[in-house]
Amino acid sequence: MKKTFFSSFIVLLLICSAVPVKKAHAQSDTRGTDFWVCFPQNAKEEFNSGLHFKLYITGDHAAKGRVEVPNKPAIPFAITAGEIISIDIDSSEEIKGSEMRMALGIHVLSDNPIAVYGLSNRKASTDTYVAFPTNVLGTAYRAMCYSALAGTEDAFTSQIDIIATEDNTQVTIFPTANTKGGKIAGQQFTVTLTKGDVYQMQSTTRGDGRSDLTGTLVTSDKPIAFLTGHRCAQVPANVNFCDQLLEEEAPINTWGKQFFVSKLLGKDWYVVRIVANEDDTKIFINEKFITSLAAGEFYEAHHLTDNVMIKSDKPILVGEFATSSDADSVKIGDPFLMLITPTEQFLSSYRFVTPIGQAPLKFNTGTLRKKMNDSVLNVDNSVFHYSENYLNKIRVEDSLGTGWHHYINIIVPISALNSLRLDSNGISSDKFTAIGITRYAIGQMEIPYGSRTLTCDRPFGLYSYGFGIGGDNYDSYGNSAGQRVVPIERFSDTAKPTLELAKTDSTNVILLIARDDRINDLGLATIMIMDSSNFTNPIAYPVFDIGAPVFKFTILKPTPTGCLYIKLKDFARNESNYSLCPAATNTVGGANEVAKYTITPILLQQQAPHEVYAVDIYPSPAKFGQAVNISFTNSLPEFIAVQVLDEGGNIVTDLQKKQLNGSGKHSLIYNSDRYSAGSYFLRFTVYSTGDQIMYKQDNHFVVVH
């Protein structure tokens with residue numbers, strides 16, 4: 001919301017529906033036959049700016065129903081298969097104030113499954129949300145909001161809205177911020193709601209550090225709908241200008257642990273917030289450990305300019321925020337909030353539609369060409385460059401008028417790219433880029449007017465968003481296209497970590513990727529070089545953040561006859577072993593490689609006489625002061641020395657020098673506070689009775705501070 005300027009508004013909103021294209025029966029996703037919605041308070045009125053509320057309804061099958069608005073006649077509706085309609089809701093239905101019960105819940109009923117979306121617009125302050133059907137609502141939520149603007153008037157506060165779906169619903173609220181109605185942060189209270197009641201709570205703007213409702217816990221004894229956001233937020237809080245933030249949340253028991261967040265076309269950078277529900281929740285962005293959160297705490301990442309994977313060891317809530325118009329060079333679109341769907345809740349089919357609010361507008365083709373990408377999506381023939389045919393499909397006014405750019409972001413498994421279909425037509429792989437070293441890719445494209453379906457052989461994520469141009473260039477919206485909404489069962493991590501040989505153009509190194517990044521994986525704990533005796537070059541041992549879902553590392557190439565043996569272990573103590581050996585032919589690697597290599601999973605063989613095998617060095621890397629467990633096996637009763645050496649080969653500590661009277665497994669413990677940060681070797685030496693060395697093995701470990 002630009003405080004000194006307002007533009008006219010035209011409803012050119014990209015609505016996406018999580019409607020499975022070939023299924024008509026009820027599912028636990030964002031379609032249904034019964035919904036409770038409301039319209040939380042938007043920004044304050046300035047310069048006689050109007051307030052507009054709309055519900056958009058669509059479905060894969062014909063449906064009839066009604067919208068029940070309090071104290072007004074019911075509004076009937078009917079849609080044909082694939083059609084989208086909009087229903088105006090009077091601005092008097094706005095939820096105003098804080099900590100009051102208001103009978104302003106809106107009830108949407110249908111005879112067949114539909115998807116429902118809400119639009120709240122005050123000029124230059126717009127956002128949308130996906131409504132969740134009553135059958136998937138829950139009884140526990142945590143808020144995703146944003147900072148109140150300190151020292152401002154009441155129009156710039158975070159807020160939450162609770163809708164009761166049944167009579168005599170007991171709701172308990174544990175606020176993380178002080179509220180306008182006098183509630184104190186950290187002191188829980190209970191309210192009783194009747195079916196259709198809405199309870200709105202807004203934070204203060206006193207700038208006392210307790211004016212952000214993010215992390216607020218809301219529980220109930222009966223299912224409730226929960227909306228979250230902000231009346232008019234600046235993102236970041238010290239950058240102009242503000243816009244309403246508005247989303248409906250899924251309940252806590254449907255949260256996930258793996259998320260992919262993508263850049264926004266038309267903006268320089270974005271902001272992410274991560275909310276934890278349990279103590280000691282570890283957060284990773286890509287392969288880097290970021291922080292541990294307590295229950296109700298959040299982490300905010302600023303100035304993200306690339307696509308990222310977010311992984312946690314416990315369920316989390318993730319929100320992506322578009323920035324204020326003055327935060328980047330583009331100067332379009334103020335903030336919106338878009339909740340990110342966990343990988344566990346992806347769907348395999350979506351329907352999305354771009355509705356239009358009036359007759360086609362004029363456009364300036366020269367201006368349009370300057371503002372858009374080199375190529376855009378054609379629903380008939382995949383991808384093509386600008387043509388008058390395409391321009392005639394775009395409803396956009398010239399630079400002096402109003403209009404919108406509408407975009408979608410697609411998050412899809414790389415292995416399923418070829419099965420992705422837009423209206424049964426394939427999409428060019430040129431539209432997709434791998435997200436770091438993950439198993440997923442992202443595709444981004446601008447979408448013109450029309451109703452379409454997007455399907456894939458495997459579940460994928462879909463998000464829609466848009467920015468106004470011309471007179472509407474301080475408006476924006478964003479939401480997911482829908483998701484599954486099912487409680488996620490927590491399975492044990494029983495899958496072994498994996499190791500891949502990656503491509504590289506270097507002639508000096510071999511590039512490897514260790515993975516423990518599936519949905520239930522707990523992350524990497526140890527990467528050990530078990531045997532490098534055939535390597536004539538020094539090994540660049542991997543140092544990584546313990547618990548990382550993926551890690552990429554390099555080793556210097558050995559002589560062509562050298563083999564390397566690598567052991568991986570995850571936090572569930574699943575382990576895998578690999579051999580890296582030269583191969584006569586191998587297509588992986590750079591074109592200039594002198595020697596090609598293959599990497600192969602191996603089973604541990606019977607130990608040879610005199611051999612010592614290091615079963616485990618855990619954890620490695622070890623934090624300063626952390627106890628490290630060493631396990632090894634021997635094959636004969638012999639004298640065995642266990643020593644710690646530095647990188648120069650100097651003995652730092654003798655951990656053991658003694659005769660072992662039997663074969664089998666043995667254990668040692670050392671404390672890493674004996675060592676400064678760096679790389680070390682654990683050496684096992686087997687001696688005969690005449691002090692002759694019968695066997696020697698070095699194993700690498702790392703200490704970090």
# chains A, B, ... in the order shown; residues from 1 in each chain; ligands from 1
$ residues_around --residues "Val198 (chain A)" --least-positions-apart "6" --cutoff "7 Å" --atoms "only C-alpha atoms" --output "list in words"
Arg101, Met102, Ala103, Leu104, Gly105, Asp161, Ile162, Ile163 and Ala164 of chain A
$ residues_around --residues "Ser312 (chain A)" --least-positions-apart "3" --cutoff "6 Å" --atoms "only C-alpha atoms" --output "PyMOL selection string"
chain A and resi 257+282-283
$ write_last_selection --atoms "C-alpha atoms" --output "compact mmCIF listing (two decimals), in the first residue's frame"
# COMPACT_ATOMS: atom_id res chain seq x y z
CA LYS A 257 10.00 -31.44 7.03
CA LYS A 282 17.12 -28.14 13.57
CA ILE A 283 16.89 -26.10 10.36
$ residues_around --residues "Thr214 (chain A)" --least-positions-apart "4" --cutoff "9 Å" --atoms "only C-alpha atoms" --output "compact mmCIF listing (two decimals) with all heavy atoms, in the first residue's frame"
# COMPACT_ATOMS: atom_id res chain seq x y z
N ARG A 142 -0.21 -22.78 14.49
CA ARG A 142 0.70 -21.70 14.92
C ARG A 142 0.71 -20.63 13.84
O ARG A 142 0.68 -20.93 12.64
CB ARG A 142 2.12 -22.21 15.15
CG ARG A 142 2.30 -22.93 16.47
CD ARG A 142 3.76 -23.09 16.83
NE ARG A 142 3.95 -23.91 18.00
CZ ARG A 142 3.96 -23.46 19.25
NH1 ARG A 142 3.78 -22.16 19.47
NH2 ARG A 142 4.16 -24.27 20.27
N ALA A 143 0.77 -19.38 14.25
CA ALA A 143 0.62 -18.26 13.33
C ALA A 143 1.89 -17.97 12.54
O ALA A 143 3.00 -18.09 13.06
CB ALA A 143 0.20 -17.01 14.10
N MET A 144 1.70 -17.57 11.28
CA MET A 144 2.76 -17.03 10.44
C MET A 144 2.36 -15.59 10.10
O MET A 144 1.45 -15.37 9.29
CB MET A 144 2.91 -17.85 9.16
CG MET A 144 3.91 -17.27 8.16
SD MET A 144 5.63 -17.38 8.70
CE MET A 144 5.94 -19.15 8.46
N CYS A 145 2.98 -14.64 10.74
CA CYS A 145 2.63 -13.23 10.55
C CYS A 145 3.87 -12.45 10.14
O CYS A 145 4.77 -12.99 9.51
CB CYS A 145 2.02 -12.66 11.84
SG CYS A 145 0.53 -13.51 12.40
N TYR A 146 3.92 -11.17 10.50
CA TYR A 146 5.10 -10.36 10.26
C TYR A 146 5.11 -9.21 11.26
O TYR A 146 4.11 -8.95 11.95
CB TYR A 146 5.15 -9.84 8.83
CG TYR A 146 6.58 -9.56 8.37
CD1 TYR A 146 7.44 -10.63 8.07
CD2 TYR A 146 7.08 -8.27 8.29
CE1 TYR A 146 8.74 -10.40 7.69
CE2 TYR A 146 8.39 -8.03 7.91
CZ TYR A 146 9.22 -9.11 7.61
OH TYR A 146 10.53 -8.89 7.24
N SER A 147 6.24 -8.54 11.33
CA SER A 147 6.44 -7.49 12.34
C SER A 147 5.45 -6.35 12.16
O SER A 147 5.21 -5.88 11.04
CB SER A 147 7.87 -6.94 12.23
OG SER A 147 8.82 -7.98 12.29
N SER A 158 0.13 -7.16 12.95
CA SER A 158 -0.10 -8.56 12.61
C SER A 158 -1.43 -9.00 13.19
O SER A 158 -1.93 -8.41 14.17
CB SER A 158 1.04 -9.44 13.15
OG SER A 158 1.15 -9.33 14.55
N PRO A 175 -0.45 -16.33 23.09
CA PRO A 175 0.10 -15.30 22.19
C PRO A 175 1.60 -15.09 22.39
O PRO A 175 2.11 -15.17 23.51
CB PRO A 175 -0.68 -14.05 22.58
CG PRO A 175 -1.05 -14.26 24.01
CD PRO A 175 -1.26 -15.74 24.16
N THR A 176 2.28 -14.80 21.29
CA THR A 176 3.70 -14.45 21.36
C THR A 176 3.91 -12.95 21.37
O THR A 176 5.05 -12.48 21.43
CB THR A 176 4.45 -15.04 20.16
OG1 THR A 176 3.84 -14.56 18.95
CG2 THR A 176 4.41 -16.56 20.18
N ALA A 177 2.82 -12.18 21.30
CA ALA A 177 2.92 -10.72 21.28
C ALA A 177 1.84 -10.13 22.18
O ALA A 177 0.82 -10.76 22.46
CB ALA A 177 2.76 -10.19 19.86
N THR A 228 -4.25 -16.21 8.92
CA THR A 228 -3.12 -15.54 9.54
C THR A 228 -2.54 -14.51 8.60
O THR A 228 -2.74 -14.58 7.38
CB THR A 228 -2.06 -16.58 9.95
OG1 THR A 228 -1.03 -15.95 10.72
CG2 THR A 228 -1.43 -17.23 8.73
N GLY A 229 -1.85 -13.51 9.15
CA GLY A 229 -1.24 -12.52 8.28
C GLY A 229 -1.02 -11.19 8.95
O GLY A 229 -0.56 -11.10 10.10
N VAL A 275 8.75 -21.43 11.09
CA VAL A 275 8.19 -21.53 12.44
C VAL A 275 8.30 -22.97 12.92
O VAL A 275 7.94 -23.90 12.19
CB VAL A 275 6.72 -21.06 12.48
CG1 VAL A 275 6.15 -21.19 13.89
CG2 VAL A 275 6.61 -19.61 12.00
N GLY A 296 7.51 -22.55 18.90
CA GLY A 296 6.97 -21.20 18.75
C GLY A 296 7.96 -20.17 18.26
O GLY A 296 7.57 -19.05 17.91
N GLU A 297 9.24 -20.50 18.22
CA GLU A 297 10.23 -19.57 17.68
C GLU A 297 10.22 -19.61 16.16
O GLU A 297 9.76 -20.58 15.54
CB GLU A 297 11.63 -19.92 18.19
CG GLU A 297 11.88 -19.58 19.64
CD GLU A 297 13.31 -19.81 20.06
OE1 GLU A 297 14.04 -20.57 19.37
OE2 GLU A 297 13.73 -19.23 21.07
N PHE A 298 10.78 -18.54 15.56
CA PHE A 298 10.89 -18.52 14.11
C PHE A 298 12.25 -17.99 13.69
O PHE A 298 12.94 -17.30 14.44
CB PHE A 298 9.77 -17.67 13.48
CG PHE A 298 9.89 -16.19 13.72
CD1 PHE A 298 10.60 -15.37 12.85
CD2 PHE A 298 9.27 -15.60 14.81
CE1 PHE A 298 10.72 -14.00 13.07
CE2 PHE A 298 9.37 -14.23 15.04
CZ PHE A 298 10.10 -13.43 14.17
$ residues_around --residues "Asp328 (chain A)" --least-positions-apart "5" --cutoff "8 Å" --atoms "only C-alpha atoms" --output "PyMOL selection string"
chain A and resi 267-269+323
$ residues_around --residues "Ser211 (chain A)" --least-positions-apart "4" --cutoff "10 Å" --atoms "only C-alpha atoms" --output "VMD selection string"
chain A and resid 146 to 150 157 to 158 176 to 180 185 202 to 207
$ atom_distance --atom1 "CA of Tyr270 (chain A)" --atom2 "CA of Ser120 (chain A)"
22.1 Å
$ closest_residue --among "A:Asn650, A:Asp475, A:Pro113, A:Ala233" --to "Asp29 (chain A)" --atoms "only C-alpha atoms"
A:Pro113
$ residues_around --residues "region 542-549 of chain A" --least-positions-apart "5" --cutoff "6 Å" --atoms "only C-alpha atoms" --output "list in words"
Glu287, Phe289, Asp516, Asp517, Gly523, Leu524 and Ala525 of chain A
$ atom_distance --atom1 "CA of Asn671 (chain A)" --atom2 "CA of Lys696 (chain A)"
23.3 Å
